[in-house]
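J.: After the structure tokens below, expect a handful of questions from me.
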Amino acid sequence: MSVTNAETPREELSISLIAAAPFVLYCLLNQCHMRASFRLRLLVLIVLIITVGDSIAQPPINLGVPYGSNQAVGQYADVNGIKLYYETYGAGYPLLIIHGNGGSINNMAYQIQFFSKYYKCIVADSRAHGKSGVGSGRLTYEQMADDWYALLNKLKIDSAYVIGWSDGGILGLLLAIRHPGKISKLAAMGANLRPDSSAVYSWAFPFIQSMNKLADSMINKKDRSENWEVLKMRLDLLGEQPHIALEQIRTIACPVLVMSGDKDVIREEHTVQIYQNIPKAHLCIFPGQTHMIPIIDPELFNATVYRFLKNSFTRPDTKDFF
């Protein structure tokens with residue numbers, strides 16, 4: 001596929017990119033030196049973040065274990081009116097690993113492979129993602145966080161660490177707020193508290209709106225090539241949610257590692273604001289990295305998170321040296 005005309009209508013661009021193989025999208029994002037318009041590169045990024053239907057935003061990660069489709073360990077749990085698909089790996093202290101919007105267990109393959117050497121990793125397809133059910137009514141982050149809480153109860157787990165990427169980071173924050181006794185440490189990458197331009201870079205919103213229009217058009221045409229209704233639910237998460245107050249994150253009792261890339265979709269000042277309002281928090285803004293660091297540079301990401309999880313939380317201050 002070749003799309004290089006900057007004057008191509010936005011809807012046609014969206015349709016062309018969606019129809020393309022995920023591998024092509026992945027290559028487009030990473031080859032920033034290509035002779036394509038800045039507008040096109042941004043659109044590719046948004047498509048990577050939100051995805052379409054049940055496909056993930058990158059080629060499936062193959063590390064020798066079919067993470068996300070492993071019949072040997074895959075199970076379903078009845079939680080809050082849906083069947084939630086989950087897999088477990090490793091042994092030791094429980095660690096939840098939560099994927100982002102439009103993703104699935106497989107998105108976190110690099111993290112599962114690494115952390116299962118040290119912890120009992122519990123991974124699931126969030127509600128309305130992957131193999132898990134959708135349920136009825138509006139899809140909300142609070143509902144999805146409560147699904148994870150219910151899964152922990154089903155598995156008779158009293159407390160766990162959490163690694164969450166993007167929407168997974170939001171779910172981690174909500175778990176720590178809504179179910180504080182369950183979460184003992186949280187590493188949240190690329191999370192936001194609100195869906196506006198004070199938290200998310202404004203370039204993202206026109207493309208979310210474009211994808212909404214495309215989904216509406218396909219629904220009106222009764223197109224069944226993708227599950228457009230589920231896509232609309234995920235877009236609602238991105239464009240209209242979450243709404244987490246600073247007062248809420250101030251109640252988080254567990255240690256939290258707040259992370260982002262220095263060229264993230266989340267504004268750096270918003271990441272700092274989250275860090276500053278959690279009582280026991282560390283801040284990590286990865287230099288030269290984007291929202292996609294868990295798959296682009298998993299070695300750096302995993303090592304940073306592992307150091308946070310394995311060490312006792314301390315809060316040194318430069319003033320203590322004087």
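We name chains A, B, ... following the order of the structure tokens; residues begin at 1 in each chain, and ligands are numbered from 1 as shown.
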Report the closest atom pair, with its distance in Å rounded to one decimal, for each residue of range 134-233 of chain A that has an atom no farther than 9 Å from range 81-90 of chain A; count only C-alpha atoms, sort by chain and then rising residue number, and write it as JSON lines.
T.:
```
{"residue": "A:Val134", "atom": "CA", "partner": "A:Ile82", "partner_atom": "CA", "distance": 6.7}
{"residue": "A:Gly135", "atom": "CA", "partner": "A:Ile82", "partner_atom": "CA", "distance": 5.8}
{"residue": "A:Ser136", "atom": "CA", "partner": "A:Gly81", "partner_atom": "CA", "distance": 8.7}
{"residue": "A:Asp147", "atom": "CA", "partner": "A:Leu84", "partner_atom": "CA", "distance": 8.0}
{"residue": "A:Leu151", "atom": "CA", "partner": "A:Leu84", "partner_atom": "CA", "distance": 8.2}
```
J.: With N, CA and C atoms retained, write the just-selected residues as a JSON list (two decimals), in the first residue's frame.
T.:
```json
[["chain", "number", "residue", "atom", "x", "y", "z"],
["A", 134, "VAL", "N", -18.29, -8.56, 26.38],
["A", 134, "VAL", "CA", -18.54, -7.12, 26.31],
["A", 134, "VAL", "C", -19.48, -6.66, 27.42],
["A", 135, "GLY", "N", -20.56, -7.40, 27.62],
["A", 135, "GLY", "CA", -21.56, -6.98, 28.60],
["A", 135, "GLY", "C", -22.52, -5.97, 27.99],
["A", 136, "SER", "N", -23.35, -5.39, 28.83],
["A", 136, "SER", "CA", -24.34, -4.42, 28.37],
["A", 136, "SER", "C", -24.04, -3.05, 28.96],
["A", 147, "ASP", "N", -13.79, -5.45, 37.18],
["A", 147, "ASP", "CA", -13.60, -6.80, 36.63],
["A", 147, "ASP", "C", -12.30, -7.41, 37.14],
["A", 151, "LEU", "N", -11.73, -10.69, 39.42],
["A", 151, "LEU", "CA", -10.85, -11.80, 39.04],
["A", 151, "LEU", "C", -9.91, -12.15, 40.19]]
```
J.: Identify, on the basis of only C-alpha atoms, every residue whose closest approach to Lys182 in chain A does not exceed 7 Å; exclude the query and any residue fewer than 6 positions from it along the same chain; express the result as a list in words.
T.: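 Everything that qualifies: Asp158, Ser159 and Ala160 of chain A.
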J.: Could you pull out the strand (DSSP E or B) residues of range 60-139 of chain A, going by DSSP on the backbone, and write them as an MDAnalysis selection string?
T.: chainID A and resid 75:79 82:89 94:98 120:124
J.: DSSP on the backbone, helix (DSSP H, G or I) only: what residues of range 159-192 of chain A does that give? Format it as a PyMOL selection string.
T.: chain A and resi 167-178+180-182
J.: Taking only C-alpha atoms into account, which of A:Tyr67, A:Phe322, A:Tyr119, A:Trp148 comes nearest Gly92 in chain A?
T.: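 Among the listed residues, A:Tyr119 lies closest to Gly92 in chain A.
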J.: For Phe205 in chain A, find every residue with an atom within 12 Å (counting only C-alpha atoms), except residues of its own chain fewer than 2 positions away, and show them as JSON, numbers by chain.
T.: {"A": [42, 43, 46, 195, 196, 197, 199, 200, 201, 202, 203, 207, 208, 209, 210, 211, 212, 235, 236, 238, 239, 240, 265]}
J.: Write out the residues from the selection above, keeping C-alpha atoms, as a short mmCIF file (atom, residue, chain, number, x, y, z; two decimals), in the first residue's frame.
T.:
```cif
data_model
loop_
_atom_site.label_atom_id
_atom_site.label_comp_id
_atom_site.auth_asym_id
_atom_site.auth_seq_id
_atom_site.Cartn_x
_atom_site.Cartn_y
_atom_site.Cartn_z
CA LEU A 42 0.00 11.02 13.47
CA LEU A 43 -2.92 9.12 11.99
CA ILE A 46 -3.71 6.90 16.60
CA PRO A 195 -9.82 13.26 28.51
CA ASP A 196 -8.95 16.85 27.60
CA SER A 197 -6.03 18.78 26.13
CA ALA A 199 -3.76 15.90 29.83
CA VAL A 200 -3.56 14.61 26.24
CA TYR A 201 -1.90 16.36 23.30
CA SER A 202 -4.54 18.07 21.18
CA TRP A 203 -3.37 16.45 17.95
CA PHE A 207 -8.35 11.62 14.60
CA ILE A 208 -10.49 10.08 17.33
CA GLN A 209 -13.38 12.12 15.94
CA SER A 210 -12.57 10.91 12.44
CA MET A 211 -12.60 7.29 13.57
CA ASN A 212 -15.93 7.85 15.30
CA LEU A 235 -13.32 5.30 21.28
CA ASP A 236 -15.68 6.50 24.01
CA LEU A 238 -10.38 7.42 24.67
CA GLY A 239 -12.37 10.54 23.89
CA GLU A 240 -14.75 10.92 26.84
CA VAL A 265 0.55 11.18 23.76
#
```
J.: What lies within 7 Å of range 170-179 of chain A using only C-alpha atoms, ignoring chain neighbours under 3 positions off, as a list in words?
T.: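 Result of the neighbour search: Tyr141, Glu142, Ala145, Val162, Gly164, Ser166, Asp167, Lys182, Ile183, Leu186, Ala188, Ala191, Asn192, Gln248, Ile249, Thr251 and Ile252 of chain A.
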J.: Only C-alpha atoms, please: the residues just picked out, written as a PDB file, in the first residue's frame.
T.:
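Written output follows (selection10.pdb):
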```
ATOM      1  CA  TYR A 141     -12.874   2.298  33.212  1.00  0.00           C
ATOM      2  CA  GLU A 142     -14.506   1.841  36.614  1.00  0.00           C
ATOM      3  CA  ALA A 145     -11.209  -2.059  37.068  1.00  0.00           C
ATOM      4  CA  VAL A 162       0.158  -4.145  39.000  1.00  0.00           C
ATOM      5  CA  GLY A 164      -0.513  -1.114  33.517  1.00  0.00           C
ATOM      6  CA  SER A 166      -1.969   3.309  28.800  1.00  0.00           C
ATOM      7  CA  ASP A 167      -5.578   2.318  29.610  1.00  0.00           C
ATOM      8  CA  LYS A 182      -5.714  -5.373  46.870  1.00  0.00           C
ATOM      9  CA  ILE A 183      -2.878  -3.373  45.331  1.00  0.00           C
ATOM     10  CA  LEU A 186       1.587  -0.048  40.950  1.00  0.00           C
ATOM     11  CA  ALA A 188       1.539   2.969  35.566  1.00  0.00           C
ATOM     12  CA  ALA A 191      -1.961   7.032  32.088  1.00  0.00           C
ATOM     13  CA  ASN A 192      -4.180  10.106  32.226  1.00  0.00           C
ATOM     14  CA  GLN A 248      -8.976  10.600  44.429  1.00  0.00           C
ATOM     15  CA  ILE A 249      -5.355   9.842  43.590  1.00  0.00           C
ATOM     16  CA  THR A 251      -5.998   8.650  48.624  1.00  0.00           C
ATOM     17  CA  ILE A 252      -3.761   6.017  46.966  1.00  0.00           C
TER      18      ILE A 252
END
```
J.: Env of Lys131 in chain A: 12 Å cut, atoms = only C-alpha atoms, seq-sep filter 2 positions within chain, self excluded. Answer as a PDB file with all heavy atoms, in the first residue's frame.
T.:
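What landed in around.pdb:
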```
ATOM      1  N   GLY A  53     -11.809  -3.475  15.719  1.00  0.00           N
ATOM      2  CA  GLY A  53     -12.318  -4.814  15.960  1.00  0.00           C
ATOM      3  C   GLY A  53     -11.505  -5.532  17.009  1.00  0.00           C
ATOM      4  O   GLY A  53     -11.142  -4.967  18.027  1.00  0.00           O
ATOM      5  N   ASP A  54     -11.195  -6.803  16.755  1.00  0.00           N
ATOM      6  CA  ASP A  54     -10.453  -7.615  17.710  1.00  0.00           C
ATOM      7  C   ASP A  54      -8.992  -7.737  17.340  1.00  0.00           C
ATOM      8  O   ASP A  54      -8.248  -8.482  17.959  1.00  0.00           O
ATOM      9  CB  ASP A  54     -11.060  -9.020  17.800  1.00  0.00           C
ATOM     10  CG  ASP A  54     -12.428  -8.970  18.449  1.00  0.00           C
ATOM     11  OD1 ASP A  54     -12.603  -8.128  19.339  1.00  0.00           O
ATOM     12  OD2 ASP A  54     -13.300  -9.757  18.045  1.00  0.00           O
ATOM     13  N   SER A  55      -8.532  -7.019  16.323  1.00  0.00           N
ATOM     14  CA  SER A  55      -7.123  -7.100  15.954  1.00  0.00           C
ATOM     15  C   SER A  55      -6.320  -6.159  16.818  1.00  0.00           C
ATOM     16  O   SER A  55      -6.809  -5.130  17.254  1.00  0.00           O
ATOM     17  CB  SER A  55      -6.940  -6.710  14.483  1.00  0.00           C
ATOM     18  OG  SER A  55      -7.361  -5.389  14.262  1.00  0.00           O
ATOM     19  N   ILE A  56      -5.064  -6.493  17.106  1.00  0.00           N
ATOM     20  CA  ILE A  56      -4.222  -5.621  17.910  1.00  0.00           C
ATOM     21  C   ILE A  56      -3.424  -4.707  17.010  1.00  0.00           C
ATOM     22  O   ILE A  56      -3.372  -4.873  15.801  1.00  0.00           O
ATOM     23  CB  ILE A  56      -3.289  -6.437  18.822  1.00  0.00           C
ATOM     24  CG1 ILE A  56      -2.381  -7.337  17.969  1.00  0.00           C
ATOM     25  CG2 ILE A  56      -4.068  -7.250  19.806  1.00  0.00           C
ATOM     26  CD1 ILE A  56      -1.318  -8.032  18.784  1.00  0.00           C
ATOM     27  N   GLY A  68      -1.687 -14.975  25.041  1.00  0.00           N
ATOM     28  CA  GLY A  68      -2.989 -14.484  24.598  1.00  0.00           C
ATOM     29  C   GLY A  68      -3.817 -15.521  23.877  1.00  0.00           C
ATOM     30  O   GLY A  68      -5.032 -15.359  23.730  1.00  0.00           O
ATOM     31  N   SER A  69      -3.167 -16.586  23.411  1.00  0.00           N
ATOM     32  CA  SER A  69      -3.872 -17.678  22.718  1.00  0.00           C
ATOM     33  C   SER A  69      -3.311 -19.022  23.157  1.00  0.00           C
ATOM     34  O   SER A  69      -3.202 -19.947  22.351  1.00  0.00           O
ATOM     35  CB  SER A  69      -3.740 -17.514  21.199  1.00  0.00           C
ATOM     36  OG  SER A  69      -4.282 -16.285  20.767  1.00  0.00           O
ATOM     37  N   ASN A  70      -2.952 -19.110  24.408  1.00  0.00           N
ATOM     38  CA  ASN A  70      -2.290 -20.305  24.930  1.00  0.00           C
ATOM     39  C   ASN A  70      -3.334 -21.256  25.519  1.00  0.00           C
ATOM     40  O   ASN A  70      -3.782 -21.092  26.653  1.00  0.00           O
ATOM     41  CB  ASN A  70      -1.262 -19.909  25.985  1.00  0.00           C
ATOM     42  CG  ASN A  70      -0.349 -21.059  26.365  1.00  0.00           C
ATOM     43  OD1 ASN A  70      -0.635 -22.214  26.090  1.00  0.00           O
ATOM     44  ND2 ASN A  70       0.769 -20.733  27.009  1.00  0.00           N
ATOM     45  N   GLY A  74      -4.911 -20.949  29.176  1.00  0.00           N
ATOM     46  CA  GLY A  74      -6.026 -20.018  29.065  1.00  0.00           C
ATOM     47  C   GLY A  74      -7.281 -20.503  29.762  1.00  0.00           C
ATOM     48  O   GLY A  74      -7.639 -21.678  29.681  1.00  0.00           O
ATOM     49  N   GLN A  75      -7.957 -19.582  30.464  1.00  0.00           N
ATOM     50  CA  GLN A  75      -9.192 -19.910  31.171  1.00  0.00           C
ATOM     51  C   GLN A  75     -10.148 -18.720  31.104  1.00  0.00           C
ATOM     52  O   GLN A  75      -9.752 -17.603  30.774  1.00  0.00           O
ATOM     53  CB  GLN A  75      -8.909 -20.238  32.638  1.00  0.00           C
ATOM     54  CG  GLN A  75      -8.007 -21.446  32.857  1.00  0.00           C
ATOM     55  CD  GLN A  75      -7.880 -21.788  34.331  1.00  0.00           C
ATOM     56  OE1 GLN A  75      -8.842 -22.175  34.985  1.00  0.00           O
ATOM     57  NE2 GLN A  75      -6.671 -21.609  34.859  1.00  0.00           N
ATOM     58  N   TYR A  76     -11.413 -18.996  31.437  1.00  0.00           N
ATOM     59  CA  TYR A  76     -12.417 -17.945  31.536  1.00  0.00           C
ATOM     60  C   TYR A  76     -12.936 -17.877  32.968  1.00  0.00           C
ATOM     61  O   TYR A  76     -13.158 -18.905  33.615  1.00  0.00           O
ATOM     62  CB  TYR A  76     -13.590 -18.206  30.595  1.00  0.00           C
ATOM     63  CG  TYR A  76     -13.279 -17.942  29.137  1.00  0.00           C
ATOM     64  CD1 TYR A  76     -12.773 -18.949  28.331  1.00  0.00           C
ATOM     65  CD2 TYR A  76     -13.486 -16.683  28.584  1.00  0.00           C
ATOM     66  CE1 TYR A  76     -12.485 -18.723  26.993  1.00  0.00           C
ATOM     67  CE2 TYR A  76     -13.198 -16.438  27.244  1.00  0.00           C
ATOM     68  CZ  TYR A  76     -12.699 -17.456  26.457  1.00  0.00           C
ATOM     69  OH  TYR A  76     -12.409 -17.217  25.135  1.00  0.00           O
ATOM     70  N   ALA A  77     -13.117 -16.650  33.444  1.00  0.00           N
ATOM     71  CA  ALA A  77     -13.715 -16.440  34.762  1.00  0.00           C
ATOM     72  C   ALA A  77     -15.013 -15.668  34.585  1.00  0.00           C
ATOM     73  O   ALA A  77     -15.074 -14.707  33.803  1.00  0.00           O
ATOM     74  CB  ALA A  77     -12.761 -15.662  35.662  1.00  0.00           C
ATOM     75  N   ILE A  82     -19.872 -11.081  32.651  1.00  0.00           N
ATOM     76  CA  ILE A  82     -19.169 -11.458  31.420  1.00  0.00           C
ATOM     77  C   ILE A  82     -18.210 -12.607  31.712  1.00  0.00           C
ATOM     78  O   ILE A  82     -17.922 -12.920  32.859  1.00  0.00           O
ATOM     79  CB  ILE A  82     -18.356 -10.280  30.821  1.00  0.00           C
ATOM     80  CG1 ILE A  82     -17.200  -9.894  31.772  1.00  0.00           C
ATOM     81  CG2 ILE A  82     -19.251  -9.094  30.499  1.00  0.00           C
ATOM     82  CD1 ILE A  82     -16.137  -9.043  31.120  1.00  0.00           C
ATOM     83  N   LYS A  83     -17.720 -13.195  30.638  1.00  0.00           N
ATOM     84  CA  LYS A  83     -16.633 -14.168  30.754  1.00  0.00           C
ATOM     85  C   LYS A  83     -15.328 -13.434  30.419  1.00  0.00           C
ATOM     86  O   LYS A  83     -15.153 -12.925  29.310  1.00  0.00           O
ATOM     87  CB  LYS A  83     -16.864 -15.342  29.806  1.00  0.00           C
ATOM     88  CG  LYS A  83     -18.008 -16.249  30.246  1.00  0.00           C
ATOM     89  CD  LYS A  83     -18.051 -17.519  29.428  1.00  0.00           C
ATOM     90  CE  LYS A  83     -19.148 -18.457  29.940  1.00  0.00           C
ATOM     91  NZ  LYS A  83     -18.921 -18.899  31.336  1.00  0.00           N
ATOM     92  N   LEU A  84     -14.450 -13.376  31.404  1.00  0.00           N
ATOM     93  CA  LEU A  84     -13.168 -12.687  31.269  1.00  0.00           C
ATOM     94  C   LEU A  84     -12.083 -13.722  30.988  1.00  0.00           C
ATOM     95  O   LEU A  84     -11.870 -14.636  31.785  1.00  0.00           O
ATOM     96  CB  LEU A  84     -12.855 -11.915  32.543  1.00  0.00           C
ATOM     97  CG  LEU A  84     -11.671 -10.936  32.483  1.00  0.00           C
ATOM     98  CD1 LEU A  84     -12.083  -9.673  31.722  1.00  0.00           C
ATOM     99  CD2 LEU A  84     -11.198 -10.574  33.885  1.00  0.00           C
ATOM    100  N   TYR A  85     -11.404 -13.565  29.841  1.00  0.00           N
ATOM    101  CA  TYR A  85     -10.352 -14.508  29.475  1.00  0.00           C
ATOM    102  C   TYR A  85      -9.044 -14.107  30.150  1.00  0.00           C
ATOM    103  O   TYR A  85      -8.642 -12.933  30.115  1.00  0.00           O
ATOM    104  CB  TYR A  85     -10.146 -14.520  27.962  1.00  0.00           C
ATOM    105  CG  TYR A  85      -9.036 -15.456  27.522  1.00  0.00           C
ATOM    106  CD1 TYR A  85      -9.259 -16.828  27.446  1.00  0.00           C
ATOM    107  CD2 TYR A  85      -7.771 -14.962  27.207  1.00  0.00           C
ATOM    108  CE1 TYR A  85      -8.235 -17.692  27.065  1.00  0.00           C
ATOM    109  CE2 TYR A  85      -6.755 -15.823  26.817  1.00  0.00           C
ATOM    110  CZ  TYR A  85      -6.987 -17.186  26.756  1.00  0.00           C
ATOM    111  OH  TYR A  85      -5.974 -18.036  26.383  1.00  0.00           O
ATOM    112  N   TYR A  86      -8.357 -15.105  30.750  1.00  0.00           N
ATOM    113  CA  TYR A  86      -7.094 -14.796  31.415  1.00  0.00           C
ATOM    114  C   TYR A  86      -6.131 -15.970  31.302  1.00  0.00           C
ATOM    115  O   TYR A  86      -6.515 -17.111  31.022  1.00  0.00           O
ATOM    116  CB  TYR A  86      -7.322 -14.444  32.888  1.00  0.00           C
ATOM    117  CG  TYR A  86      -7.717 -15.608  33.778  1.00  0.00           C
ATOM    118  CD1 TYR A  86      -6.762 -16.282  34.554  1.00  0.00           C
ATOM    119  CD2 TYR A  86      -9.035 -16.040  33.850  1.00  0.00           C
ATOM    120  CE1 TYR A  86      -7.117 -17.342  35.377  1.00  0.00           C
ATOM    121  CE2 TYR A  86      -9.403 -17.103  34.670  1.00  0.00           C
ATOM    122  CZ  TYR A  86      -8.437 -17.756  35.430  1.00  0.00           C
ATOM    123  OH  TYR A  86      -8.786 -18.814  36.229  1.00  0.00           O
ATOM    124  N   GLU A  87      -4.850 -15.671  31.496  1.00  0.00           N
ATOM    125  CA  GLU A  87      -3.782 -16.663  31.510  1.00  0.00           C
ATOM    126  C   GLU A  87      -2.868 -16.364  32.690  1.00  0.00           C
ATOM    127  O   GLU A  87      -2.769 -15.202  33.133  1.00  0.00           O
ATOM    128  CB  GLU A  87      -2.983 -16.621  30.198  1.00  0.00           C
ATOM    129  CG  GLU A  87      -3.810 -16.947  28.970  1.00  0.00           C
ATOM    130  CD  GLU A  87      -3.043 -16.807  27.657  1.00  0.00           C
ATOM    131  OE1 GLU A  87      -1.850 -16.428  27.688  1.00  0.00           O
ATOM    132  OE2 GLU A  87      -3.645 -17.062  26.596  1.00  0.00           O
ATOM    133  N   GLY A 102      -7.805  -1.266  22.973  1.00  0.00           N
ATOM    134  CA  GLY A 102      -7.774  -1.975  21.707  1.00  0.00           C
ATOM    135  C   GLY A 102      -6.804  -3.128  21.668  1.00  0.00           C
ATOM    136  O   GLY A 102      -6.706  -3.816  20.654  1.00  0.00           O
ATOM    137  N   GLY A 103      -6.072  -3.352  22.749  1.00  0.00           N
ATOM    138  CA  GLY A 103      -5.051  -4.380  22.770  1.00  0.00           C
ATOM    139  C   GLY A 103      -5.560  -5.689  23.337  1.00  0.00           C
ATOM    140  O   GLY A 103      -6.759  -5.957  23.400  1.00  0.00           O
ATOM    141  N   SER A 104      -4.614  -6.510  23.756  1.00  0.00           N
ATOM    142  CA  SER A 104      -4.937  -7.815  24.315  1.00  0.00           C
ATOM    143  C   SER A 104      -3.728  -8.297  25.102  1.00  0.00           C
ATOM    144  O   SER A 104      -2.703  -7.610  25.189  1.00  0.00           O
ATOM    145  CB  SER A 104      -5.278  -8.811  23.203  1.00  0.00           C
ATOM    146  OG  SER A 104      -4.126  -9.095  22.423  1.00  0.00           O
ATOM    147  N   ILE A 105      -3.831  -9.494  25.648  1.00  0.00           N
ATOM    148  CA  ILE A 105      -2.730 -10.082  26.406  1.00  0.00           C
ATOM    149  C   ILE A 105      -1.432 -10.043  25.607  1.00  0.00           C
ATOM    150  O   ILE A 105      -0.364  -9.735  26.153  1.00  0.00           O
ATOM    151  CB  ILE A 105      -3.076 -11.536  26.785  1.00  0.00           C
ATOM    152  CG1 ILE A 105      -4.174 -11.560  27.855  1.00  0.00           C
ATOM    153  CG2 ILE A 105      -1.844 -12.291  27.273  1.00  0.00           C
ATOM    154  CD1 ILE A 105      -4.746 -12.949  28.119  1.00  0.00           C
ATOM    155  N   ASN A 106      -1.506 -10.346  24.314  1.00  0.00           N
ATOM    156  CA  ASN A 106      -0.292 -10.473  23.508  1.00  0.00           C
ATOM    157  C   ASN A 106       0.518  -9.191  23.451  1.00  0.00           C
ATOM    158  O   ASN A 106       1.746  -9.234  23.308  1.00  0.00           O
ATOM    159  CB  ASN A 106      -0.633 -10.931  22.091  1.00  0.00           C
ATOM    160  CG  ASN A 106       0.596 -11.159  21.241  1.00  0.00           C
ATOM    161  OD1 ASN A 106       0.991 -10.294  20.466  1.00  0.00           O
ATOM    162  ND2 ASN A 106       1.215 -12.325  21.398  1.00  0.00           N
ATOM    163  N   ALA A 124      -4.922 -10.718  31.444  1.00  0.00           N
ATOM    164  CA  ALA A 124      -6.282 -10.927  30.951  1.00  0.00           C
ATOM    165  C   ALA A 124      -6.566  -9.990  29.797  1.00  0.00           C
ATOM    166  O   ALA A 124      -5.933  -8.933  29.652  1.00  0.00           O
ATOM    167  CB  ALA A 124      -7.297 -10.710  32.072  1.00  0.00           C
ATOM    168  N   ASP A 125      -7.523 -10.378  28.964  1.00  0.00           N
ATOM    169  CA  ASP A 125      -8.100  -9.470  27.984  1.00  0.00           C
ATOM    170  C   ASP A 125      -9.177  -8.668  28.708  1.00  0.00           C
ATOM    171  O   ASP A 125     -10.145  -9.242  29.226  1.00  0.00           O
ATOM    172  CB  ASP A 125      -8.745 -10.234  26.826  1.00  0.00           C
ATOM    173  CG  ASP A 125      -7.727 -10.929  25.926  1.00  0.00           C
ATOM    174  OD1 ASP A 125      -6.569 -10.480  25.886  1.00  0.00           O
ATOM    175  OD2 ASP A 125      -8.106 -11.913  25.256  1.00  0.00           O
ATOM    176  N   SER A 126      -8.998  -7.374  28.788  1.00  0.00           N
ATOM    177  CA  SER A 126      -9.989  -6.551  29.480  1.00  0.00           C
ATOM    178  C   SER A 126     -11.353  -6.657  28.805  1.00  0.00           C
ATOM    179  O   SER A 126     -11.469  -7.064  27.651  1.00  0.00           O
ATOM    180  CB  SER A 126      -9.532  -5.089  29.503  1.00  0.00           C
ATOM    181  OG  SER A 126      -8.389  -4.926  30.310  1.00  0.00           O
ATOM    182  N   ARG A 127     -12.382  -6.305  29.536  1.00  0.00           N
ATOM    183  CA  ARG A 127     -13.750  -6.308  28.996  1.00  0.00           C
ATOM    184  C   ARG A 127     -13.788  -5.596  27.629  1.00  0.00           C
ATOM    185  O   ARG A 127     -13.169  -4.537  27.441  1.00  0.00           O
ATOM    186  CB  ARG A 127     -14.677  -5.588  29.973  1.00  0.00           C
ATOM    187  CG  ARG A 127     -16.122  -5.484  29.532  1.00  0.00           C
ATOM    188  CD  ARG A 127     -16.930  -4.681  30.510  1.00  0.00           C
ATOM    189  NE  ARG A 127     -17.134  -5.375  31.780  1.00  0.00           N
ATOM    190  CZ  ARG A 127     -18.281  -5.923  32.170  1.00  0.00           C
ATOM    191  NH1 ARG A 127     -19.350  -5.864  31.383  1.00  0.00           N
ATOM    192  NH2 ARG A 127     -18.368  -6.529  33.345  1.00  0.00           N
ATOM    193  N   ALA A 128     -14.500  -6.200  26.666  1.00  0.00           N
ATOM    194  CA  ALA A 128     -14.648  -5.663  25.308  1.00  0.00           C
ATOM    195  C   ALA A 128     -13.341  -5.672  24.529  1.00  0.00           C
ATOM    196  O   ALA A 128     -13.173  -4.919  23.579  1.00  0.00           O
ATOM    197  CB  ALA A 128     -15.243  -4.260  25.332  1.00  0.00           C
ATOM    198  N   HIS A 129     -12.416  -6.528  24.934  1.00  0.00           N
ATOM    199  CA  HIS A 129     -11.138  -6.683  24.243  1.00  0.00           C
ATOM    200  C   HIS A 129     -10.819  -8.170  24.093  1.00  0.00           C
ATOM    201  O   HIS A 129     -11.176  -8.976  24.959  1.00  0.00           O
ATOM    202  CB  HIS A 129     -10.005  -6.012  25.023  1.00  0.00           C
ATOM    203  CG  HIS A 129     -10.067  -4.517  25.036  1.00  0.00           C
ATOM    204  ND1 HIS A 129     -10.991  -3.835  25.796  1.00  0.00           N
ATOM    205  CD2 HIS A 129      -9.322  -3.582  24.400  1.00  0.00           C
ATOM    206  CE1 HIS A 129     -10.807  -2.527  25.621  1.00  0.00           C
ATOM    207  NE2 HIS A 129      -9.811  -2.348  24.779  1.00  0.00           N
ATOM    208  N   GLY A 133     -15.714 -11.034  27.155  1.00  0.00           N
ATOM    209  CA  GLY A 133     -17.038 -10.560  26.794  1.00  0.00           C
ATOM    210  C   GLY A 133     -17.168  -9.047  26.890  1.00  0.00           C
ATOM    211  O   GLY A 133     -16.289  -8.351  27.416  1.00  0.00           O
ATOM    212  N   VAL A 134     -18.291  -8.561  26.376  1.00  0.00           N
ATOM    213  CA  VAL A 134     -18.538  -7.118  26.307  1.00  0.00           C
ATOM    214  C   VAL A 134     -19.483  -6.663  27.416  1.00  0.00           C
ATOM    215  O   VAL A 134     -19.254  -5.645  28.068  1.00  0.00           O
ATOM    216  CB  VAL A 134     -19.103  -6.724  24.928  1.00  0.00           C
ATOM    217  CG1 VAL A 134     -19.427  -5.233  24.880  1.00  0.00           C
ATOM    218  CG2 VAL A 134     -18.133  -7.109  23.820  1.00  0.00           C
TER     219      VAL A 134
END
```
J.: Near Ala187 in chain A, within 7 Å and counting only C-alpha atoms, which residues show up once chain neighbours fewer than 3 positions away are dropped, as a list in words?
T.: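 Everything that qualifies: Val162, Ile163, Gly164, Val256, Leu257, Val258 and Val305 of chain A.
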J.: Report, in Å with one decimal, the straight-line distance from CA of Tyr118 in chain A to CA of Asn311 in chain A.
T.: 13.1 Å
J.: Using only C-alpha atoms, find the one residue out of A:Thr140, A:Gln71, A:Asn107, A:Asn101 that sits nearest to Ile296 in chain A.
T.: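 Selected residue with least distance to Ile296 in chain A: A:Asn107.
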